[in-house]
Amino acid sequence: MGKVYDKLINCLTCVRMRTGFVPKVALVLGSGLGDFAKEIDVVCEIPYQEIEGFPVSTVPGHAGKFIFGHVEKTPVVCMKGRVHYYEGYDISDVVLPIRLMKLLGAEVFFVTNAAGGVNTTFHAGDLMLIKDHIALFAPNPLIGENEDSFGVRFPDMSHVYDVELQNLIRKIAKENDIYIQEGVYTYLTGPSYESPADIKALKVLGADAVGMSTVPEAIAANHMGMKICGISCISNLAAGMSDTPLCHEEVQQAADEAAPKFKKLVSEVIKQLA
Ligand code: HPA
């Protein structure tokens, strides 16, 4: 791994010079969902640009920082903003943050994103529990020399999204009267949205939602043995499924609509992970 490993350790040293905080949960907030950060009792914040070598997002609305703190008793490190492969970063940089959070101590990876709904029963503003993903259309983040201290060369991917965490999310959603969809998230690199024919093809393959993030990080987290759970906020119906053209602004609108139930669900789940 050489350079990739050295860069990661350099980032780790940089963070450790600022805080000794040991998180249990690593939470990544997807597009439009950054408002959740207000639920955290903050101990320390580190803007990404203050960490030497750390990838910094160029996307509007993805202003980037680590927030260290507690959700009730659970110590969390939260990423407000993340980089995407379509920004031109090496895939190893896209997964550097999740590896870093694992090295800081995080055992659970809670990933969230905005996604297009492919399943015809979905509506904008729905939340979807991620049960599995389709990663066939983009480079694997583990390509290159394997870092044996992280995980094995050929990791099993049978249960990327932890079954117990899925059950916990279902239980908490039910207790709080939050209706959640469930399904398979498909990762495409973007940045262009899909064509209607792409979406028809993805339906045949078993996709329920489509987006441009999450899967590289989930593959790297699974490689390192983290427990993973994920929620998509369905920001729009995918291409060809509604009359309106897709635009980035509607992602924020749908996220705002879903914000109260998203906040409740995510914070209650994290509290239980103390
Ligand atoms: N396609 C891909 N990524 C997305 C979409 C979509 O329709 N909506 C939000 N992120």
# chains A, B, ... in the order shown; residues from 1 in each chain; ligands from 1

call {"tool": "select_by_dssp", "arguments": {"residues": "segment 95-195 of chain A", "states": "helix (DSSP H, G or I)", "output": "number ranges by chain"}}
result
A: 96-103, 163-175

call {"tool": "write_last_selection", "arguments": {"atoms": "C-alpha atoms", "output": "mmCIF file, in the first residue's frame"}}
result
data_model
loop_
_atom_site.group_PDB
_atom_site.id
_atom_site.type_symbol
_atom_site.label_atom_id
_atom_site.label_comp_id
_atom_site.auth_asym_id
_atom_site.auth_seq_id
_atom_site.Cartn_x
_atom_site.Cartn_y
_atom_site.Cartn_z
ATOM 1 C CA LEU A 96 -9.218 7.480 3.248
ATOM 2 C CA PRO A 97 -11.716 9.142 5.638
ATOM 3 C CA ILE A 98 -13.469 5.904 6.595
ATOM 4 C CA ARG A 99 -10.125 4.161 7.151
ATOM 5 C CA LEU A 100 -9.031 7.095 9.281
ATOM 6 C CA MET A 101 -12.182 6.933 11.426
ATOM 7 C CA LYS A 102 -11.594 3.214 11.962
ATOM 8 C CA LEU A 103 -8.016 3.894 13.054
ATOM 9 C CA VAL A 163 -28.170 -7.730 10.149
ATOM 10 C CA GLU A 164 -28.471 -6.757 13.837
ATOM 11 C CA LEU A 165 -28.096 -3.080 13.019
ATOM 12 C CA GLN A 166 -30.765 -3.432 10.321
ATOM 13 C CA ASN A 167 -33.084 -4.954 12.920
ATOM 14 C CA LEU A 168 -32.301 -2.159 15.371
ATOM 15 C CA ILE A 169 -33.162 0.458 12.726
ATOM 16 C CA ARG A 170 -36.442 -1.329 11.925
ATOM 17 C CA LYS A 171 -37.336 -1.535 15.619
ATOM 18 C CA ILE A 172 -36.581 2.114 16.316
ATOM 19 C CA ALA A 173 -38.437 3.245 13.187
ATOM 20 C CA LYS A 174 -41.479 1.265 14.318
ATOM 21 C CA GLU A 175 -41.354 2.565 17.890
#

call {"tool": "residues_near_ligand", "arguments": {"ligand": "ligand 1", "cutoff": "9 Å", "atoms": "only C-alpha atoms and all ligand atoms", "output": "ChimeraX atom specification"}}
result
/A:31,113-118,186-194,209-213,233-239,246-248,250-251

call {"tool": "write_last_selection", "arguments": {"atoms": "C-alpha atoms", "output": "CSV table (one decimal), in the first residue's frame"}}
result
chain,number,residue,atom,x,y,z
A,31,SER,CA,-26.1,15.6,0.7
A,113,ASN,CA,-26.8,9.6,1.5
A,114,ALA,CA,-29.3,11.2,-0.9
A,115,ALA,CA,-30.4,8.8,-3.6
A,116,GLY,CA,-32.7,8.6,-6.6
A,117,GLY,CA,-35.7,6.2,-6.2
A,118,VAL,CA,-35.7,3.4,-8.7
A,186,THR,CA,-26.8,1.0,-6.6
A,187,TYR,CA,-23.6,3.0,-6.9
A,188,LEU,CA,-22.7,4.7,-10.1
A,189,THR,CA,-19.8,7.2,-10.4
A,190,GLY,CA,-21.8,10.2,-11.7
A,191,PRO,CA,-21.6,13.1,-12.0
A,192,SER,CA,-24.2,13.0,-14.8
A,193,TYR,CA,-27.5,11.5,-13.6
A,194,GLU,CA,-28.7,8.3,-15.3
A,209,ALA,CA,-32.2,3.3,-5.3
A,210,VAL,CA,-29.3,4.9,-7.1
A,211,GLY,CA,-26.6,7.3,-6.0
A,212,MET,CA,-23.0,8.4,-6.4
A,213,SER,CA,-21.5,7.6,-3.0
A,233,CYS,CA,-32.9,9.7,1.8
A,234,ILE,CA,-34.8,9.4,-1.5
A,235,SER,CA,-34.5,12.9,-2.9
A,236,ASN,CA,-36.2,12.3,-6.3
A,237,LEU,CA,-37.6,9.6,-8.5
A,238,ALA,CA,-34.9,8.4,-10.8
A,239,ALA,CA,-34.6,9.5,-14.5
A,246,LEU,CA,-33.3,16.0,-12.2
A,247,CYS,CA,-31.5,18.8,-10.4
A,248,HIS,CA,-29.2,19.1,-7.4
A,250,GLU,CA,-34.3,19.0,-5.2
A,251,VAL,CA,-31.9,16.9,-3.2

call {"tool": "residues_around", "arguments": {"residues": "Val160 of chain A", "least_positions_apart": "3", "cutoff": "7 Å", "atoms": "only C-alpha atoms", "output": "ChimeraX atom specification"}}
result
/A:132,157,222,228

call {"tool": "residues_around", "arguments": {"residues": "Asp90 of chain A", "least_positions_apart": "4", "cutoff": "12 Å", "atoms": "only C-alpha atoms", "output": "PyMOL selection string"}}
result
chain A and resi 4+54-55+83-86+94-96+139-144+216

call {"tool": "closest_residue", "arguments": {"among": "A:Ala221, A:Ile51, A:Leu27, A:Leu8", "to": "Val77 of chain A", "atoms": "only C-alpha atoms"}}
result
A:Leu27

call {"tool": "select_by_dssp", "arguments": {"residues": "segment 26-270 of chain A", "states": "strand (DSSP E)", "output": "ChimeraX atom specification"}}
result
/A:26-29,41-47,65-71,74-80,108-117,127-134,180-187,209-211,227-237

call {"tool": "residues_around", "arguments": {"residues": "Lys261 of chain A", "least_positions_apart": "2", "cutoff": "9 Å", "atoms": "only C-alpha atoms", "output": "ChimeraX atom specification"}}
result
/A:127,173,176,178-179,257-259,263-266

call {"tool": "closest_residue", "arguments": {"among": "A:Val76, A:Ala218, A:Ala124, A:Met241", "to": "Val25 of chain A", "atoms": "only C-alpha atoms"}}
result
A:Val76

call {"tool": "atom_distance", "arguments": {"atom1": "atom CA of Pro75 of chain A", "atom2": "atom CA of Asp93 of chain A"}}
result
24.9 Å

call {"tool": "closest_residue", "arguments": {"among": "A:Ser149, A:Ser57, A:Asn119, A:Thr74", "to": "Ile40 of chain A", "atoms": "only C-alpha atoms"}}
result
A:Thr74

call {"tool": "closest_residue", "arguments": {"among": "A:Ser267, A:Gly34, A:Val43, A:Asp162", "to": "Glu107 of chain A", "atoms": "only C-alpha atoms"}}
result
A:Asp162

call {"tool": "atom_distance", "arguments": {"atom1": "atom CA of Val15 of chain A", "atom2": "atom CA of Glu145 of chain A"}}
result
25.2 Å

call {"tool": "residues_around", "arguments": {"residues": "Tyr5 of chain A", "least_positions_apart": "4", "cutoff": "10 Å", "atoms": "only C-alpha atoms", "output": "PyMOL selection string"}}
result
chain A and resi 1+9-11+92+96+99+147

call {"tool": "atom_distance", "arguments": {"atom1": "atom CA of Asp41 of chain A", "atom2": "atom CA of Gly69 of chain A"}}
result
5.3 Å
